[in-house]
Amino acid sequence: MKGPISVRLGERERATIEAEARARGLGISAFVRDILEDEARRLHREQIREEGRRLVERLSADEQLAAEYDDADLLAGEVIP
């Protein structure tokens, strides 16, 4: 769902955000949007990694599946943190 998000900041925080946005040649909305988009991508990647960890744990807990994957060296690799 797209649409505006309203954020209330104190004067000091707003001045800090505005100064950094200007230093980067951006408006405050573009700067805040960039920050939020970057964080949303980071959170999404972390969710995917956590799902992968849970899957590996479930597969490892099932002896038959673990044996099949071990034979294929699919569970032998490191999970990327």
# chains A, B, ... in the order shown; residues from 1 in each chain; ligands from 1
call {"tool": "residues_around", "arguments": {"residues": "A:Ser29", "least_positions_apart": "2", "cutoff": "12 Å", "atoms": "only C-alpha atoms", "output": "ChimeraX atom specification"}}
result
/A:4-7,14,17-18,20-22,25-27,31-37
call {"tool": "write_last_selection", "arguments": {"atoms": "N, CA and C atoms", "output": "compact mmCIF listing (two decimals), in the first residue's frame"}}
result
# COMPACT_ATOMS: atom_id res chain seq x y z
N PRO A 4 1.30 8.47 1.86
CA PRO A 4 2.16 9.26 2.74
C PRO A 4 2.18 8.71 4.16
N ILE A 5 3.29 8.94 4.83
CA ILE A 5 3.45 8.62 6.25
C ILE A 5 3.82 9.92 6.94
N SER A 6 3.12 10.22 8.00
CA SER A 6 3.41 11.43 8.76
C SER A 6 4.26 11.07 9.96
N VAL A 7 5.34 11.83 10.16
CA VAL A 7 6.25 11.58 11.27
C VAL A 7 6.44 12.88 12.03
N ARG A 14 14.54 17.26 13.82
CA ARG A 14 14.20 17.74 12.47
C ARG A 14 15.34 18.54 11.87
N ILE A 17 18.00 16.12 10.69
CA ILE A 17 17.59 15.42 9.47
C ILE A 17 17.64 16.38 8.28
N GLU A 18 17.16 17.58 8.44
CA GLU A 18 17.20 18.56 7.34
C GLU A 18 18.63 18.88 6.92
N GLU A 20 21.32 17.01 7.25
CA GLU A 20 21.91 15.86 6.56
C GLU A 20 21.32 15.70 5.16
N ALA A 21 20.04 15.92 5.03
CA ALA A 21 19.40 15.84 3.71
C ALA A 21 20.02 16.88 2.77
N ARG A 22 20.18 18.11 3.23
CA ARG A 22 20.81 19.16 2.41
C ARG A 22 22.23 18.77 2.03
N GLY A 25 22.22 16.62 -0.80
CA GLY A 25 21.54 17.14 -1.98
C GLY A 25 20.13 16.61 -2.15
N LEU A 26 19.48 16.27 -1.04
CA LEU A 26 18.13 15.72 -1.08
C LEU A 26 17.18 16.60 -0.28
N GLY A 27 15.92 16.49 -0.61
CA GLY A 27 14.90 17.08 0.24
C GLY A 27 14.69 16.17 1.44
N PHE A 31 15.19 12.06 1.64
CA PHE A 31 16.19 11.52 2.57
C PHE A 31 15.55 10.52 3.53
N VAL A 32 14.43 10.89 4.13
CA VAL A 32 13.74 9.98 5.06
C VAL A 32 13.26 8.74 4.32
N ARG A 33 12.75 8.91 3.10
CA ARG A 33 12.29 7.76 2.31
C ARG A 33 13.45 6.80 2.05
N ASP A 34 14.64 7.34 1.70
CA ASP A 34 15.81 6.49 1.47
C ASP A 34 16.17 5.70 2.72
N ILE A 35 16.15 6.38 3.87
CA ILE A 35 16.47 5.70 5.13
C ILE A 35 15.48 4.56 5.39
N LEU A 36 14.20 4.86 5.24
CA LEU A 36 13.17 3.86 5.50
C LEU A 36 13.23 2.69 4.51
N GLU A 37 13.47 2.98 3.25
CA GLU A 37 13.57 1.91 2.26
C GLU A 37 14.78 1.02 2.53
call {"tool": "select_by_dssp", "arguments": {"residues": "chain A", "states": "helix (DSSP H, G or I)", "output": "ChimeraX atom specification"}}
result
/A:11-23,28-61,63-71
call {"tool": "decode", "arguments": {"residues": "stretch 22-72 of chain A", "atoms": "N, CA and C atoms", "output": "PDB file, in the first residue's frame"}}
result
ATOM      1  N   ARG A  22      20.182  18.112   3.232  1.00  0.00           N
ATOM      2  CA  ARG A  22      20.807  19.159   2.408  1.00  0.00           C
ATOM      3  C   ARG A  22      22.228  18.774   2.025  1.00  0.00           C
ATOM      4  N   ALA A  23      22.979  18.229   2.988  1.00  0.00           N
ATOM      5  CA  ALA A  23      24.364  17.835   2.716  1.00  0.00           C
ATOM      6  C   ALA A  23      24.436  16.777   1.623  1.00  0.00           C
ATOM      7  N   ARG A  24      23.394  15.973   1.517  1.00  0.00           N
ATOM      8  CA  ARG A  24      23.353  14.927   0.488  1.00  0.00           C
ATOM      9  C   ARG A  24      22.650  15.377  -0.780  1.00  0.00           C
ATOM     10  N   GLY A  25      22.218  16.616  -0.800  1.00  0.00           N
ATOM     11  CA  GLY A  25      21.541  17.141  -1.984  1.00  0.00           C
ATOM     12  C   GLY A  25      20.134  16.610  -2.149  1.00  0.00           C
ATOM     13  N   LEU A  26      19.481  16.272  -1.038  1.00  0.00           N
ATOM     14  CA  LEU A  26      18.130  15.721  -1.080  1.00  0.00           C
ATOM     15  C   LEU A  26      17.181  16.597  -0.276  1.00  0.00           C
ATOM     16  N   GLY A  27      15.917  16.488  -0.610  1.00  0.00           N
ATOM     17  CA  GLY A  27      14.897  17.076   0.239  1.00  0.00           C
ATOM     18  C   GLY A  27      14.688  16.171   1.441  1.00  0.00           C
ATOM     19  N   ILE A  28      14.042  16.689   2.458  1.00  0.00           N
ATOM     20  CA  ILE A  28      13.847  15.894   3.672  1.00  0.00           C
ATOM     21  C   ILE A  28      13.009  14.641   3.393  1.00  0.00           C
ATOM     22  N   SER A  29      11.985  14.756   2.556  1.00  0.00           N
ATOM     23  CA  SER A  29      11.150  13.588   2.246  1.00  0.00           C
ATOM     24  C   SER A  29      11.948  12.500   1.544  1.00  0.00           C
ATOM     25  N   ALA A  30      12.754  12.885   0.567  1.00  0.00           N
ATOM     26  CA  ALA A  30      13.567  11.903  -0.160  1.00  0.00           C
ATOM     27  C   ALA A  30      14.583  11.256   0.763  1.00  0.00           C
ATOM     28  N   PHE A  31      15.193  12.055   1.642  1.00  0.00           N
ATOM     29  CA  PHE A  31      16.189  11.516   2.567  1.00  0.00           C
ATOM     30  C   PHE A  31      15.549  10.516   3.532  1.00  0.00           C
ATOM     31  N   VAL A  32      14.425  10.889   4.125  1.00  0.00           N
ATOM     32  CA  VAL A  32      13.743   9.984   5.058  1.00  0.00           C
ATOM     33  C   VAL A  32      13.257   8.741   4.322  1.00  0.00           C
ATOM     34  N   ARG A  33      12.747   8.912   3.104  1.00  0.00           N
ATOM     35  CA  ARG A  33      12.292   7.763   2.309  1.00  0.00           C
ATOM     36  C   ARG A  33      13.453   6.803   2.052  1.00  0.00           C
ATOM     37  N   ASP A  34      14.635   7.340   1.699  1.00  0.00           N
ATOM     38  CA  ASP A  34      15.810   6.492   1.472  1.00  0.00           C
ATOM     39  C   ASP A  34      16.170   5.700   2.723  1.00  0.00           C
ATOM     40  N   ILE A  35      16.153   6.379   3.872  1.00  0.00           N
ATOM     41  CA  ILE A  35      16.471   5.700   5.130  1.00  0.00           C
ATOM     42  C   ILE A  35      15.480   4.564   5.394  1.00  0.00           C
ATOM     43  N   LEU A  36      14.198   4.864   5.239  1.00  0.00           N
ATOM     44  CA  LEU A  36      13.166   3.857   5.502  1.00  0.00           C
ATOM     45  C   LEU A  36      13.232   2.692   4.515  1.00  0.00           C
ATOM     46  N   GLU A  37      13.471   2.982   3.249  1.00  0.00           N
ATOM     47  CA  GLU A  37      13.571   1.912   2.256  1.00  0.00           C
ATOM     48  C   GLU A  37      14.776   1.016   2.532  1.00  0.00           C
ATOM     49  N   ASP A  38      15.898   1.621   2.887  1.00  0.00           N
ATOM     50  CA  ASP A  38      17.092   0.828   3.216  1.00  0.00           C
ATOM     51  C   ASP A  38      16.820  -0.090   4.404  1.00  0.00           C
ATOM     52  N   GLU A  39      16.192   0.449   5.421  1.00  0.00           N
ATOM     53  CA  GLU A  39      15.900  -0.357   6.612  1.00  0.00           C
ATOM     54  C   GLU A  39      14.885  -1.446   6.303  1.00  0.00           C
ATOM     55  N   ALA A  40      13.891  -1.150   5.493  1.00  0.00           N
ATOM     56  CA  ALA A  40      12.900  -2.163   5.116  1.00  0.00           C
ATOM     57  C   ALA A  40      13.569  -3.308   4.349  1.00  0.00           C
ATOM     58  N   ARG A  41      14.506  -2.987   3.453  1.00  0.00           N
ATOM     59  CA  ARG A  41      15.232  -4.036   2.721  1.00  0.00           C
ATOM     60  C   ARG A  41      16.066  -4.880   3.680  1.00  0.00           C
ATOM     61  N   ARG A  42      16.752  -4.215   4.648  1.00  0.00           N
ATOM     62  CA  ARG A  42      17.560  -4.940   5.622  1.00  0.00           C
ATOM     63  C   ARG A  42      16.681  -5.877   6.453  1.00  0.00           C
ATOM     64  N   LEU A  43      15.535  -5.395   6.899  1.00  0.00           N
ATOM     65  CA  LEU A  43      14.620  -6.225   7.685  1.00  0.00           C
ATOM     66  C   LEU A  43      14.095  -7.402   6.869  1.00  0.00           C
ATOM     67  N   HIS A  44      13.787  -7.154   5.593  1.00  0.00           N
ATOM     68  CA  HIS A  44      13.295  -8.230   4.725  1.00  0.00           C
ATOM     69  C   HIS A  44      14.358  -9.313   4.542  1.00  0.00           C
ATOM     70  N   ARG A  45      15.610  -8.884   4.322  1.00  0.00           N
ATOM     71  CA  ARG A  45      16.694  -9.868   4.185  1.00  0.00           C
ATOM     72  C   ARG A  45      16.862 -10.672   5.468  1.00  0.00           C
ATOM     73  N   GLU A  46      16.744 -10.016   6.613  1.00  0.00           N
ATOM     74  CA  GLU A  46      16.862 -10.718   7.892  1.00  0.00           C
ATOM     75  C   GLU A  46      15.728 -11.725   8.070  1.00  0.00           C
ATOM     76  N   GLN A  47      14.530 -11.370   7.652  1.00  0.00           N
ATOM     77  CA  GLN A  47      13.405 -12.304   7.723  1.00  0.00           C
ATOM     78  C   GLN A  47      13.663 -13.530   6.860  1.00  0.00           C
ATOM     79  N   ILE A  48      14.204 -13.321   5.667  1.00  0.00           N
ATOM     80  CA  ILE A  48      14.515 -14.445   4.772  1.00  0.00           C
ATOM     81  C   ILE A  48      15.579 -15.330   5.398  1.00  0.00           C
ATOM     82  N   ARG A  49      16.623 -14.730   5.972  1.00  0.00           N
ATOM     83  CA  ARG A  49      17.669 -15.521   6.633  1.00  0.00           C
ATOM     84  C   ARG A  49      17.095 -16.333   7.785  1.00  0.00           C
ATOM     85  N   GLU A  50      16.220 -15.723   8.582  1.00  0.00           N
ATOM     86  CA  GLU A  50      15.616 -16.423   9.710  1.00  0.00           C
ATOM     87  C   GLU A  50      14.753 -17.576   9.227  1.00  0.00           C
ATOM     88  N   GLU A  51      14.003 -17.382   8.159  1.00  0.00           N
ATOM     89  CA  GLU A  51      13.217 -18.481   7.585  1.00  0.00           C
ATOM     90  C   GLU A  51      14.132 -19.620   7.146  1.00  0.00           C
ATOM     91  N   GLY A  52      15.269 -19.275   6.544  1.00  0.00           N
ATOM     92  CA  GLY A  52      16.243 -20.288   6.129  1.00  0.00           C
ATOM     93  C   GLY A  52      16.798 -21.043   7.324  1.00  0.00           C
ATOM     94  N   ARG A  53      17.116 -20.322   8.399  1.00  0.00           N
ATOM     95  CA  ARG A  53      17.619 -20.984   9.614  1.00  0.00           C
ATOM     96  C   ARG A  53      16.592 -21.960  10.173  1.00  0.00           C
ATOM     97  N   ARG A  54      15.330 -21.504  10.228  1.00  0.00           N
ATOM     98  CA  ARG A  54      14.276 -22.382  10.754  1.00  0.00           C
ATOM     99  C   ARG A  54      14.104 -23.608   9.869  1.00  0.00           C
ATOM    100  N   LEU A  55      14.181 -23.437   8.565  1.00  0.00           N
ATOM    101  CA  LEU A  55      14.052 -24.564   7.647  1.00  0.00           C
ATOM    102  C   LEU A  55      15.179 -25.566   7.865  1.00  0.00           C
ATOM    103  N   VAL A  56      16.406 -25.074   7.976  1.00  0.00           N
ATOM    104  CA  VAL A  56      17.541 -25.962   8.209  1.00  0.00           C
ATOM    105  C   VAL A  56      17.374 -26.699   9.535  1.00  0.00           C
ATOM    106  N   GLU A  57      16.892 -25.997  10.565  1.00  0.00           N
ATOM    107  CA  GLU A  57      16.662 -26.649  11.859  1.00  0.00           C
ATOM    108  C   GLU A  57      15.624 -27.759  11.740  1.00  0.00           C
ATOM    109  N   ARG A  58      14.521 -27.476  11.018  1.00  0.00           N
ATOM    110  CA  ARG A  58      13.483 -28.501  10.840  1.00  0.00           C
ATOM    111  C   ARG A  58      14.009 -29.685  10.047  1.00  0.00           C
ATOM    112  N   LEU A  59      14.744 -29.395   8.982  1.00  0.00           N
ATOM    113  CA  LEU A  59      15.286 -30.488   8.172  1.00  0.00           C
ATOM    114  C   LEU A  59      16.291 -31.305   8.980  1.00  0.00           C
ATOM    115  N   SER A  60      17.094 -30.634   9.768  1.00  0.00           N
ATOM    116  CA  SER A  60      18.097 -31.326  10.575  1.00  0.00           C
ATOM    117  C   SER A  60      17.449 -32.171  11.656  1.00  0.00           C
ATOM    118  N   ALA A  61      16.286 -31.740  12.151  1.00  0.00           N
ATOM    119  CA  ALA A  61      15.591 -32.474  13.202  1.00  0.00           C
ATOM    120  C   ALA A  61      14.956 -33.759  12.666  1.00  0.00           C
ATOM    121  N   ASP A  62      14.677 -33.810  11.393  1.00  0.00           N
ATOM    122  CA  ASP A  62      14.094 -35.008  10.776  1.00  0.00           C
ATOM    123  C   ASP A  62      15.244 -35.865  10.264  1.00  0.00           C
ATOM    124  N   GLU A  63      15.498 -36.968  10.940  1.00  0.00           N
ATOM    125  CA  GLU A  63      16.674 -37.791  10.624  1.00  0.00           C
ATOM    126  C   GLU A  63      16.703 -38.260   9.176  1.00  0.00           C
ATOM    127  N   GLN A  64      15.564 -38.681   8.653  1.00  0.00           N
ATOM    128  CA  GLN A  64      15.536 -39.176   7.275  1.00  0.00           C
ATOM    129  C   GLN A  64      15.848 -38.046   6.292  1.00  0.00           C
ATOM    130  N   LEU A  65      15.195 -36.901   6.472  1.00  0.00           N
ATOM    131  CA  LEU A  65      15.471 -35.768   5.579  1.00  0.00           C
ATOM    132  C   LEU A  65      16.905 -35.282   5.735  1.00  0.00           C
ATOM    133  N   ALA A  66      17.379 -35.225   6.981  1.00  0.00           N
ATOM    134  CA  ALA A  66      18.748 -34.777   7.223  1.00  0.00           C
ATOM    135  C   ALA A  66      19.737 -35.692   6.517  1.00  0.00           C
ATOM    136  N   ALA A  67      19.482 -36.994   6.554  1.00  0.00           N
ATOM    137  CA  ALA A  67      20.377 -37.945   5.899  1.00  0.00           C
ATOM    138  C   ALA A  67      20.373 -37.722   4.384  1.00  0.00           C
ATOM    139  N   GLU A  68      19.202 -37.484   3.820  1.00  0.00           N
ATOM    140  CA  GLU A  68      19.111 -37.243   2.381  1.00  0.00           C
ATOM    141  C   GLU A  68      19.863 -35.969   1.996  1.00  0.00           C
ATOM    142  N   TYR A  69      19.699 -34.917   2.772  1.00  0.00           N
ATOM    143  CA  TYR A  69      20.389 -33.669   2.468  1.00  0.00           C
ATOM    144  C   TYR A  69      21.881 -33.764   2.751  1.00  0.00           C
ATOM    145  N   ASP A  70      22.258 -34.470   3.818  1.00  0.00           N
ATOM    146  CA  ASP A  70      23.677 -34.655   4.108  1.00  0.00           C
ATOM    147  C   ASP A  70      24.357 -35.391   2.962  1.00  0.00           C
ATOM    148  N   ASP A  71      23.672 -36.388   2.412  1.00  0.00           N
ATOM    149  CA  ASP A  71      24.233 -37.128   1.275  1.00  0.00           C
ATOM    150  C   ASP A  71      24.478 -36.199   0.090  1.00  0.00           C
ATOM    151  N   ALA A  72      23.648 -35.201  -0.046  1.00  0.00           N
ATOM    152  CA  ALA A  72      23.793 -34.259  -1.154  1.00  0.00           C
ATOM    153  C   ALA A  72      24.642 -33.051  -0.759  1.00  0.00           C
TER     154      ALA A  72
END
